[in-house]
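So the structure is just underneath, and the comments pick up after that.
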Amino acid sequence: MAEPLVANAVPLRSLSLKSRVALAVGAVLLLGGIVVLLAALAYGRQAAREAYDRLLVGAASDIAASITIRDGAAVVDMPVSAFQLLALAPDDRIRYRVTGPDGGTLTGSDLAPLPPDPQDDGAAVFYDGRFGDEPARYVSLVRRFAERSFSGPVRVVVGQTLRARRDLARDIAQNAMAVLGAAGAAIGLFAWLATRSALRPLRRIGAALAQREPTDLTPLSLPMPSEIAPMLSALNLFMARLDRQVGSNRNLIGDAAHQLRTPVAAIRAQAQLAAGETDPERRARIVARIHDRTLGLSRLLDQMLSRAMIIHRTDTEPRSALDLRAIAVEVLEDSDPAVIAAEAVVRLDLPSAPVLVRGDALSLTEAGKNLLTNALRHGRAPIRLGVTGGDRPRLWVRDSGPGPDARTLEGLGTRFGNAAAGGSGLGLAIAREVAEGHEGRLLLEPFDDGFEAAIELRRIGAR
Amino acid sequence: MRAVARILLAAALALLPPVAKAQELARSFGPADAPRRIVLRSTTDLAVLGPVLETFLARRPGLRIDYEQWGSNALYRLTGEDCAAGRAGADLVISSAVHQMVALVNEGCASAYRSALTAALPDALSWRDELWGVTREPAVMVYNRALVSAAQVPRSRFDLLDLLRPQDSRYRGRVATYDIERSGLGFLFAFADSLEASTFGGLMESFGRSGAVATCCSAEIIDAVVRGDYLIAYNVLGSYALARARNDTRLGVVAPQDYTLVLSRAAMIPDSAAAPRAAAEALDFLLSQPGRQALEQAQLIVRLDSDEAAPIDLPEAEGTLQRPIVLSPALLIALDDHKRALFQQRWRDAFPLAGASARGP
């Protein structure tokens, strides 16, 4: 492992698609080839047998037709045509035999075997036999005579070795295999072309990704066949999520730099002041101020971290079905110290039926707490926390004040939008991120004679 | 199965007429102490084939050939018996009775051999890679130049028929051909004629009416023509006729123009041969260019289609239709008992005196 990093970077390779297609096509061709070969051999053998059996029976019929009766005896005037017919199988040996009614051989070779199951009805009987040490095919047919001087069956047996049949069968099989081979080559070629063309979009995606700047996480927009389009959109979704996370990390760092620099500098200045102060009473006052500042700083840190966490959760946590009413109760319980601090009464306004949404309970609770805290800090009593159902369920906080003025409203919900108002300005930003992370939105609008801040979500199943 | 077949074959062969004498002649070629030897049995005259064998052995110093000359029926019988018994007899058999050779191959008595030279043979001259035609010998008509005027020399079978037709023809009783009952070759030629053309029937009838003579054996027939006993002889083996005509101007030779039968002596290597490889070498030599030249020298290959090879006296050679006797199982019919009996019956009707010695001049 000289270069473990590089080795890790190489993606695991499984069998290439081309090899898979090649294997599949090859298997089909091999199986098909075997089947076709067997069929071609069988067919070739059958065709050759029929063709040459016809020669045999033609020769036997010629011989049978040439039998005449002379002086009470059957005489065979062996026709040349019969032998010329048999000689169409040029390399095969020939045996023939003509037997009289008593079974004695009239002419021809005694070695030609008689049919195993002799029938005298004149029909040709084919049978396999031997010819010396070679296999041979024989035909037997019978001609009946009923004349005054001669009557009874005369049997003609003609046989031939099998060379020409084998040659013909092999020729037929070879031709079939040649055709199959050509078809196989064509199928293979087209399969290869089709695979190549089918894989081209993947190469295009790869090339497009390779050409990108490292920081470019915008969606890819390429024309894709329908089979590959889902993969591309999944890739785009993945990149969007990555983009948000990278963005939130960047924000966290930016926020930290921006937000912490001023209070830390102030604390450091006061600490220097305290170090140089000799009057114990004034020093105690400075220390108390340092303490206040430190508290503010720690609250700011809490909020920044929780925002980062919430945004992270929004992207990563699996969503579960939950009742928005339970979230509202949770918000109220968690915010108790703040409620007490503002010495205000918060009224809870919940419907009787469950309001089900899909989401991350912790993120939603945090967002609700931020809305409530804002209302307590800036709004006017009475303050109400509630939930409404419907297709677009809302978790809302209402107060009786006029709400922020138009200029402030414009900046609300963005980072540090209302930092001037004394808060960190992160509360509404978090609420907005959570709402958008749940495919909902943050609403800030006047309501009756008050002001409402609400997170609007989607009901489960609603599009 | 094979053993049974051989016993039956032996039984069948035993029915053939007994062979009057064994081999007619025997001679050995090549050094007596040669490490390899082959036995060659043939119907070809020793004097004719001898020079060819010497040419062959000149290239094969370590080889000796024991040559035996046989009559065709005796050779058929002997080879069949060797085959049936699985006995090593001849290593190479060459016979002019090609129908008998086809029968031997058909019974599985030959071993297969394949070389570039055997493969180059035309289909008509080889069968199953077990039987090969090595010579080209036309069946010709010979005539006595002194007694037959140039105008009367028959150029075709039709001319011969015309000569025999007149009642007072001087050719009556003075035309000869082979006696098919005594000459296997004569039977083969006559049989091939009967398959070849419809003129054969007319010719037989004409022979019968004009008292033509059926007698035995090439040499005797040619001698009688030279002497003037016969004026014309029909279906004489061209190789012998040409060899004689070369030295004897009295003899004229004609290849019939309507068609000329061409016989190729058939060679086979018996299944039971002791030295099949050496036999195959000899076969390859006979089929090779030098071998063919030697055979041409011996008049065993007669080229009817070439002017310069100058087969001495073939005035009508050009345009002659050559009909090779094809080595194929169709020749088996020439050995069929009934067919043979019928054919001989027909022959005897035409030549009532056949079998008796030649009618005197």
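Quick note on naming: the chains in the structure tokens go A, B, ... in the order shown, residues restart at 1 in each chain, and ligands are numbered from 1 in order of appearance.
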
#### Entry: At most 6 Å to chain A: residues in chain B, only C-alpha atoms, as a list in words
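The selection requested is Arg2, Asn106, Arg128, Ala330, Asp337, His338 and Lys339 of chain B.
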
### Secondary structure check, alpha helix (DSSP H) residues of stretch 186-239 of chain A, as JSON, numbers by chain
{"A": [186, 187, 188, 189, 190, 191, 192, 193, 194, 195, 196, 197, 198, 199, 200, 201, 202, 203, 204, 205, 206, 207, 208, 209, 210, 211, 229, 230, 231, 232, 233, 234, 235, 236, 237, 238, 239]}

Please produce a file of the residues just selected, as a PDB file, in the first residue's frame, where the atoms kept are C-alpha atoms.
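What ended up in out_2.pdb:
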```pdb
ATOM      1  CA  ALA A 186     -24.375  -9.546 -36.051  1.00  0.00           C
ATOM      2  CA  ILE A 187     -26.174  -9.863 -32.700  1.00  0.00           C
ATOM      3  CA  GLY A 188     -22.902  -9.343 -30.835  1.00  0.00           C
ATOM      4  CA  LEU A 189     -22.075  -6.261 -32.891  1.00  0.00           C
ATOM      5  CA  PHE A 190     -25.485  -4.688 -32.329  1.00  0.00           C
ATOM      6  CA  ALA A 191     -25.426  -5.526 -28.613  1.00  0.00           C
ATOM      7  CA  TRP A 192     -22.053  -3.812 -28.344  1.00  0.00           C
ATOM      8  CA  LEU A 193     -23.273  -0.737 -30.217  1.00  0.00           C
ATOM      9  CA  ALA A 194     -26.450  -0.575 -28.116  1.00  0.00           C
ATOM     10  CA  THR A 195     -24.517  -0.842 -24.854  1.00  0.00           C
ATOM     11  CA  ARG A 196     -22.111   1.837 -25.952  1.00  0.00           C
ATOM     12  CA  SER A 197     -24.901   4.188 -26.901  1.00  0.00           C
ATOM     13  CA  ALA A 198     -26.851   3.427 -23.706  1.00  0.00           C
ATOM     14  CA  LEU A 199     -23.852   4.261 -21.540  1.00  0.00           C
ATOM     15  CA  ARG A 200     -23.003   7.512 -23.287  1.00  0.00           C
ATOM     16  CA  PRO A 201     -25.224   9.694 -20.959  1.00  0.00           C
ATOM     17  CA  LEU A 202     -23.332   8.360 -17.931  1.00  0.00           C
ATOM     18  CA  ARG A 203     -20.094   9.384 -19.545  1.00  0.00           C
ATOM     19  CA  ARG A 204     -21.577  12.825 -20.187  1.00  0.00           C
ATOM     20  CA  ILE A 205     -22.515  13.198 -16.500  1.00  0.00           C
ATOM     21  CA  GLY A 206     -19.040  12.079 -15.499  1.00  0.00           C
ATOM     22  CA  ALA A 207     -17.426  14.535 -17.910  1.00  0.00           C
ATOM     23  CA  ALA A 208     -19.678  17.397 -16.753  1.00  0.00           C
ATOM     24  CA  LEU A 209     -18.798  16.702 -13.109  1.00  0.00           C
ATOM     25  CA  ALA A 210     -15.106  16.417 -13.874  1.00  0.00           C
ATOM     26  CA  GLN A 211     -15.095  19.776 -15.626  1.00  0.00           C
ATOM     27  CA  ALA A 229     -32.962  10.967 -15.304  1.00  0.00           C
ATOM     28  CA  PRO A 230     -33.866   9.775 -11.729  1.00  0.00           C
ATOM     29  CA  MET A 231     -30.200   9.227 -11.016  1.00  0.00           C
ATOM     30  CA  LEU A 232     -29.375  12.719 -12.225  1.00  0.00           C
ATOM     31  CA  SER A 233     -32.106  14.321 -10.114  1.00  0.00           C
ATOM     32  CA  ALA A 234     -30.946  12.326  -7.067  1.00  0.00           C
ATOM     33  CA  LEU A 235     -27.466  13.596  -7.739  1.00  0.00           C
ATOM     34  CA  ASN A 236     -28.782  17.154  -7.998  1.00  0.00           C
ATOM     35  CA  LEU A 237     -30.704  16.809  -4.710  1.00  0.00           C
ATOM     36  CA  PHE A 238     -27.603  15.456  -3.054  1.00  0.00           C
ATOM     37  CA  MET A 239     -25.563  18.375  -4.313  1.00  0.00           C
TER      38      MET A 239
END
```

### Query
If you measure from atom CA of A:Arg432 to atom CA of A:Thr294, what distance in Å do you get, rounded to one decimal?
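Distance between the two atoms: 27.4 Å.
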
### Task
Rank B:Val134, B:Ala243, B:Leu104, B:Val48 by their smallest atom-to-atom distance to B:Pro270, using only C-alpha atoms, and report the top residue only.
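Once distances to B:Pro270 are computed over only C-alpha atoms, the minimum belongs to B:Leu104.
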
### Message
Env of B:Ala267: 10 Å cut, atoms = only C-alpha atoms, seq-sep filter 3 positions within chain, self excluded. Answer as a list in words.
### Response
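Near neighbours after the sequence-gap exclusion: Arg41, Ser42, Leu92, Val93, Ile94, Ser95, Ser96, Val98, Met101, Ala110, Ser126, Glu130, Leu131, Trp132, Gly133, Val134, Thr135, Ser264, Pro270, Leu283 and Leu286 of chain B.
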
Store the residues picked out above in a file with N, CA and C atoms, as a tab-separated table (two decimals), in the first residue's frame.
```tsv
chain	number	residue	atom	x	y	z
B	41	ARG	N	1.29	-57.88	-58.47
B	41	ARG	CA	0.62	-58.84	-59.34
B	41	ARG	C	-0.18	-58.07	-60.37
B	42	SER	N	-0.03	-58.46	-61.62
B	42	SER	CA	-0.70	-57.68	-62.66
B	42	SER	C	-1.05	-58.57	-63.83
B	92	LEU	N	0.61	-54.73	-54.30
B	92	LEU	CA	-0.04	-53.88	-55.29
B	92	LEU	C	-0.60	-54.79	-56.37
B	93	VAL	N	-1.86	-54.54	-56.73
B	93	VAL	CA	-2.49	-55.34	-57.77
B	93	VAL	C	-2.91	-54.39	-58.89
B	94	ILE	N	-2.51	-54.73	-60.11
B	94	ILE	CA	-2.93	-53.90	-61.26
B	94	ILE	C	-3.57	-54.83	-62.27
B	95	SER	N	-4.84	-54.55	-62.59
B	95	SER	CA	-5.53	-55.46	-63.50
B	95	SER	C	-6.28	-54.66	-64.56
B	96	SER	N	-6.35	-55.26	-65.76
B	96	SER	CA	-7.13	-54.62	-66.81
B	96	SER	C	-8.61	-54.97	-66.65
B	98	VAL	N	-11.16	-54.24	-64.87
B	98	VAL	CA	-11.44	-53.26	-63.82
B	98	VAL	C	-12.74	-53.57	-63.09
B	101	MET	N	-11.82	-55.55	-60.25
B	101	MET	CA	-11.17	-54.72	-59.24
B	101	MET	C	-12.20	-53.95	-58.43
B	110	ALA	N	-9.60	-53.63	-50.21
B	110	ALA	CA	-8.53	-52.68	-50.50
B	110	ALA	C	-8.32	-51.76	-49.31
B	126	SER	N	-10.89	-42.74	-60.19
B	126	SER	CA	-10.56	-43.20	-58.85
B	126	SER	C	-11.87	-43.46	-58.11
B	130	GLU	N	-9.43	-45.94	-53.03
B	130	GLU	CA	-8.95	-47.31	-52.86
B	130	GLU	C	-8.62	-47.95	-54.22
B	131	LEU	N	-9.08	-47.29	-55.28
B	131	LEU	CA	-8.87	-47.86	-56.61
B	131	LEU	C	-8.53	-46.71	-57.55
B	132	TRP	N	-7.46	-46.91	-58.32
B	132	TRP	CA	-7.00	-45.82	-59.17
B	132	TRP	C	-6.72	-46.32	-60.58
B	133	GLY	N	-7.09	-45.52	-61.57
B	133	GLY	CA	-6.78	-45.88	-62.94
B	133	GLY	C	-5.41	-45.34	-63.32
B	134	VAL	N	-4.48	-46.22	-63.71
B	134	VAL	CA	-3.11	-45.78	-63.94
B	134	VAL	C	-2.75	-45.67	-65.42
B	135	THR	N	-3.46	-46.38	-66.31
B	135	THR	CA	-3.09	-46.32	-67.72
B	135	THR	C	-4.24	-45.72	-68.54
B	264	SER	N	-8.64	-47.80	-68.33
B	264	SER	CA	-7.55	-47.49	-67.40
B	264	SER	C	-7.35	-48.69	-66.51
B	270	PRO	N	-3.99	-54.10	-51.61
B	270	PRO	CA	-4.87	-54.97	-50.84
B	270	PRO	C	-4.81	-54.63	-49.35
B	283	LEU	N	2.67	-46.67	-56.54
B	283	LEU	CA	1.46	-46.09	-57.13
B	283	LEU	C	1.68	-44.62	-57.46
B	286	LEU	N	3.61	-44.19	-60.57
B	286	LEU	CA	2.85	-44.42	-61.80
B	286	LEU	C	1.98	-43.22	-62.15
```

### Expected answer as number ranges by chain: strand (DSSP E or B) residues in stretch 292-408 of chain A
A: 320-323, 346-349, 356-359, 383-388, 394-399

Any chance you could export the current selection's N, CA and C atoms as a compact mmCIF listing (two decimals), in the first residue's frame?
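In the end it all went to again34.txt:
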```txt
# COMPACT_ATOMS: atom_id res chain seq x y z
N SER A 320 -40.27 12.35 11.12
CA SER A 320 -41.27 11.41 11.60
C SER A 320 -42.61 12.15 11.71
N ALA A 321 -43.65 11.37 11.74
CA ALA A 321 -44.98 12.00 11.88
C ALA A 321 -45.13 12.48 13.33
N LEU A 322 -45.62 13.71 13.49
CA LEU A 322 -45.80 14.20 14.86
C LEU A 322 -46.97 15.17 14.93
N ASP A 323 -47.46 15.34 16.15
CA ASP A 323 -48.63 16.19 16.39
C ASP A 323 -48.14 17.59 16.71
N VAL A 346 -48.90 33.71 28.92
CA VAL A 346 -49.04 33.20 27.56
C VAL A 346 -50.22 32.24 27.53
N ARG A 347 -51.15 32.52 26.63
CA ARG A 347 -52.30 31.63 26.56
C ARG A 347 -52.09 30.59 25.46
N LEU A 348 -52.42 29.38 25.76
CA LEU A 348 -52.24 28.29 24.79
C LEU A 348 -53.57 28.07 24.07
N ASP A 349 -53.56 28.02 22.74
CA ASP A 349 -54.80 27.94 21.97
C ASP A 349 -54.68 26.77 21.00
N LEU A 356 -51.40 16.65 12.38
CA LEU A 356 -50.23 15.82 12.09
C LEU A 356 -49.39 16.42 10.97
N VAL A 357 -48.12 16.51 11.22
CA VAL A 357 -47.18 16.92 10.19
C VAL A 357 -46.01 15.97 10.22
N ARG A 358 -45.18 16.06 9.17
CA ARG A 358 -43.97 15.24 9.16
C ARG A 358 -42.79 16.18 9.40
N GLY A 359 -41.98 15.88 10.41
CA GLY A 359 -40.89 16.82 10.66
C GLY A 359 -40.00 16.37 11.80
N ILE A 383 -50.34 37.57 25.05
CA ILE A 383 -49.63 36.80 24.02
C ILE A 383 -50.24 35.41 23.97
N ARG A 384 -50.50 34.95 22.73
CA ARG A 384 -51.11 33.62 22.58
C ARG A 384 -50.20 32.74 21.72
N LEU A 385 -50.14 31.48 22.13
CA LEU A 385 -49.36 30.47 21.36
C LEU A 385 -50.36 29.43 20.90
N GLY A 386 -50.38 29.10 19.61
CA GLY A 386 -51.41 28.16 19.18
C GLY A 386 -51.07 27.42 17.90
N VAL A 387 -52.04 26.56 17.55
CA VAL A 387 -51.88 25.71 16.38
C VAL A 387 -53.19 25.75 15.62
N THR A 388 -53.14 25.86 14.29
CA THR A 388 -54.36 25.64 13.50
C THR A 388 -54.10 24.50 12.53
N ARG A 394 -50.46 25.48 10.93
CA ARG A 394 -49.55 26.53 11.38
C ARG A 394 -49.27 26.36 12.86
N LEU A 395 -48.04 26.69 13.23
CA LEU A 395 -47.67 26.88 14.64
C LEU A 395 -47.43 28.38 14.77
N TRP A 396 -48.30 29.04 15.56
CA TRP A 396 -48.22 30.52 15.54
C TRP A 396 -48.07 31.11 16.92
N VAL A 397 -47.56 32.34 16.93
CA VAL A 397 -47.49 33.13 18.17
C VAL A 397 -48.08 34.50 17.84
N ARG A 398 -49.08 34.95 18.64
CA ARG A 398 -49.70 36.26 18.38
C ARG A 398 -49.55 37.16 19.60
N ASP A 399 -49.30 38.44 19.34
CA ASP A 399 -49.36 39.40 20.44
C ASP A 399 -50.29 40.54 20.03
```

### Task
List the neighbours of A:Gln303 out to 12 Å using only C-alpha atoms; skip same-chain residues closer than 4 positions along the sequence, and give me the result as an NGL selection string.
:A and (252 or 255-256 or 259 or 296-299 or 307-311 or 366-367 or 369-370 or 415-416 or 423-431)

Export N, CA and C atoms of the chosen residues as a compact mmCIF listing (two decimals), in the first residue's frame?
```txt
# COMPACT_ATOMS: atom_id res chain seq x y z
N LEU A 252 -21.80 29.89 9.82
CA LEU A 252 -21.43 29.76 11.24
C LEU A 252 -20.10 30.45 11.50
N ASP A 255 -20.58 34.16 11.01
CA ASP A 255 -21.32 34.72 12.14
C ASP A 255 -20.42 34.85 13.36
N ALA A 256 -19.70 33.75 13.60
CA ALA A 256 -18.85 33.74 14.79
C ALA A 256 -17.87 34.90 14.71
N GLN A 259 -19.99 38.27 14.96
CA GLN A 259 -20.75 38.52 16.17
C GLN A 259 -19.86 38.59 17.41
N GLY A 296 -24.44 37.80 27.90
CA GLY A 296 -24.94 38.04 26.54
C GLY A 296 -24.16 37.22 25.52
N LEU A 297 -22.84 37.19 25.71
CA LEU A 297 -21.97 36.44 24.78
C LEU A 297 -22.33 34.95 24.79
N SER A 298 -22.55 34.43 25.99
CA SER A 298 -22.83 33.00 26.06
C SER A 298 -24.18 32.70 25.43
N ARG A 299 -25.18 33.65 25.59
CA ARG A 299 -26.48 33.42 24.95
C ARG A 299 -26.31 33.42 23.43
N ARG A 307 -28.51 27.16 16.10
CA ARG A 307 -28.93 27.36 14.73
C ARG A 307 -28.19 26.41 13.78
N ALA A 308 -26.88 26.35 14.00
CA ALA A 308 -26.11 25.43 13.16
C ALA A 308 -26.63 24.01 13.30
N MET A 309 -26.90 23.65 14.57
CA MET A 309 -27.38 22.29 14.81
C MET A 309 -28.73 22.06 14.12
N ILE A 310 -29.63 23.10 14.27
CA ILE A 310 -30.97 22.95 13.70
C ILE A 310 -30.89 22.80 12.19
N ILE A 311 -30.09 23.64 11.57
CA ILE A 311 -29.98 23.56 10.11
C ILE A 311 -29.42 22.21 9.71
N GLU A 366 -37.49 24.25 18.69
CA GLU A 366 -36.55 25.35 18.79
C GLU A 366 -37.07 26.58 18.06
N ALA A 367 -37.62 26.34 16.83
CA ALA A 367 -38.14 27.45 16.04
C ALA A 367 -39.30 28.12 16.80
N LYS A 369 -39.87 28.17 20.02
CA LYS A 369 -39.33 28.88 21.18
C LYS A 369 -38.82 30.25 20.74
N ASN A 370 -38.15 30.29 19.60
CA ASN A 370 -37.62 31.57 19.12
C ASN A 370 -38.75 32.57 18.85
N ARG A 415 -30.34 36.86 8.84
CA ARG A 415 -29.37 36.82 9.93
C ARG A 415 -29.08 38.24 10.40
N PHE A 416 -29.06 38.39 11.64
CA PHE A 416 -28.70 39.67 12.29
C PHE A 416 -29.61 40.81 11.82
N GLY A 423 -31.47 41.86 20.37
CA GLY A 423 -31.25 40.41 20.31
C GLY A 423 -30.07 40.11 19.40
N SER A 424 -29.84 38.88 19.28
CA SER A 424 -28.74 38.48 18.38
C SER A 424 -29.18 38.60 16.93
N GLY A 425 -30.55 38.57 16.73
CA GLY A 425 -31.04 38.61 15.34
C GLY A 425 -31.09 37.24 14.71
N LEU A 426 -30.73 36.21 15.47
CA LEU A 426 -30.68 34.87 14.89
C LEU A 426 -32.00 34.12 15.03
N GLY A 427 -32.81 34.52 15.99
CA GLY A 427 -34.01 33.76 16.32
C GLY A 427 -34.92 33.55 15.13
N LEU A 428 -35.29 34.61 14.45
CA LEU A 428 -36.19 34.49 13.31
C LEU A 428 -35.52 33.78 12.14
N ALA A 429 -34.22 34.03 12.01
CA ALA A 429 -33.48 33.34 10.93
C ALA A 429 -33.56 31.83 11.12
N ILE A 430 -33.38 31.40 12.37
CA ILE A 430 -33.48 29.96 12.64
C ILE A 430 -34.88 29.46 12.28
N ALA A 431 -35.90 30.23 12.74
CA ALA A 431 -37.28 29.82 12.47
C ALA A 431 -37.51 29.69 10.97
```

### Query
Near A:Val287, counting only C-alpha atoms, which residues have an atom at most 12 Å away, once you skip same-chain residues fewer than 6 positions from it, shown as a list in words?
Ile267, Arg268, Ala269, Gln270, Ala271, Gln272, Leu273, Ala274, Ala275, Glu277, Pro280, Glu281, Arg293 and Thr294 of chain A

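Taking atom CA of A:Pro402 as the reference point, atom CA of A:Ile455 is found at 19.3 Å.
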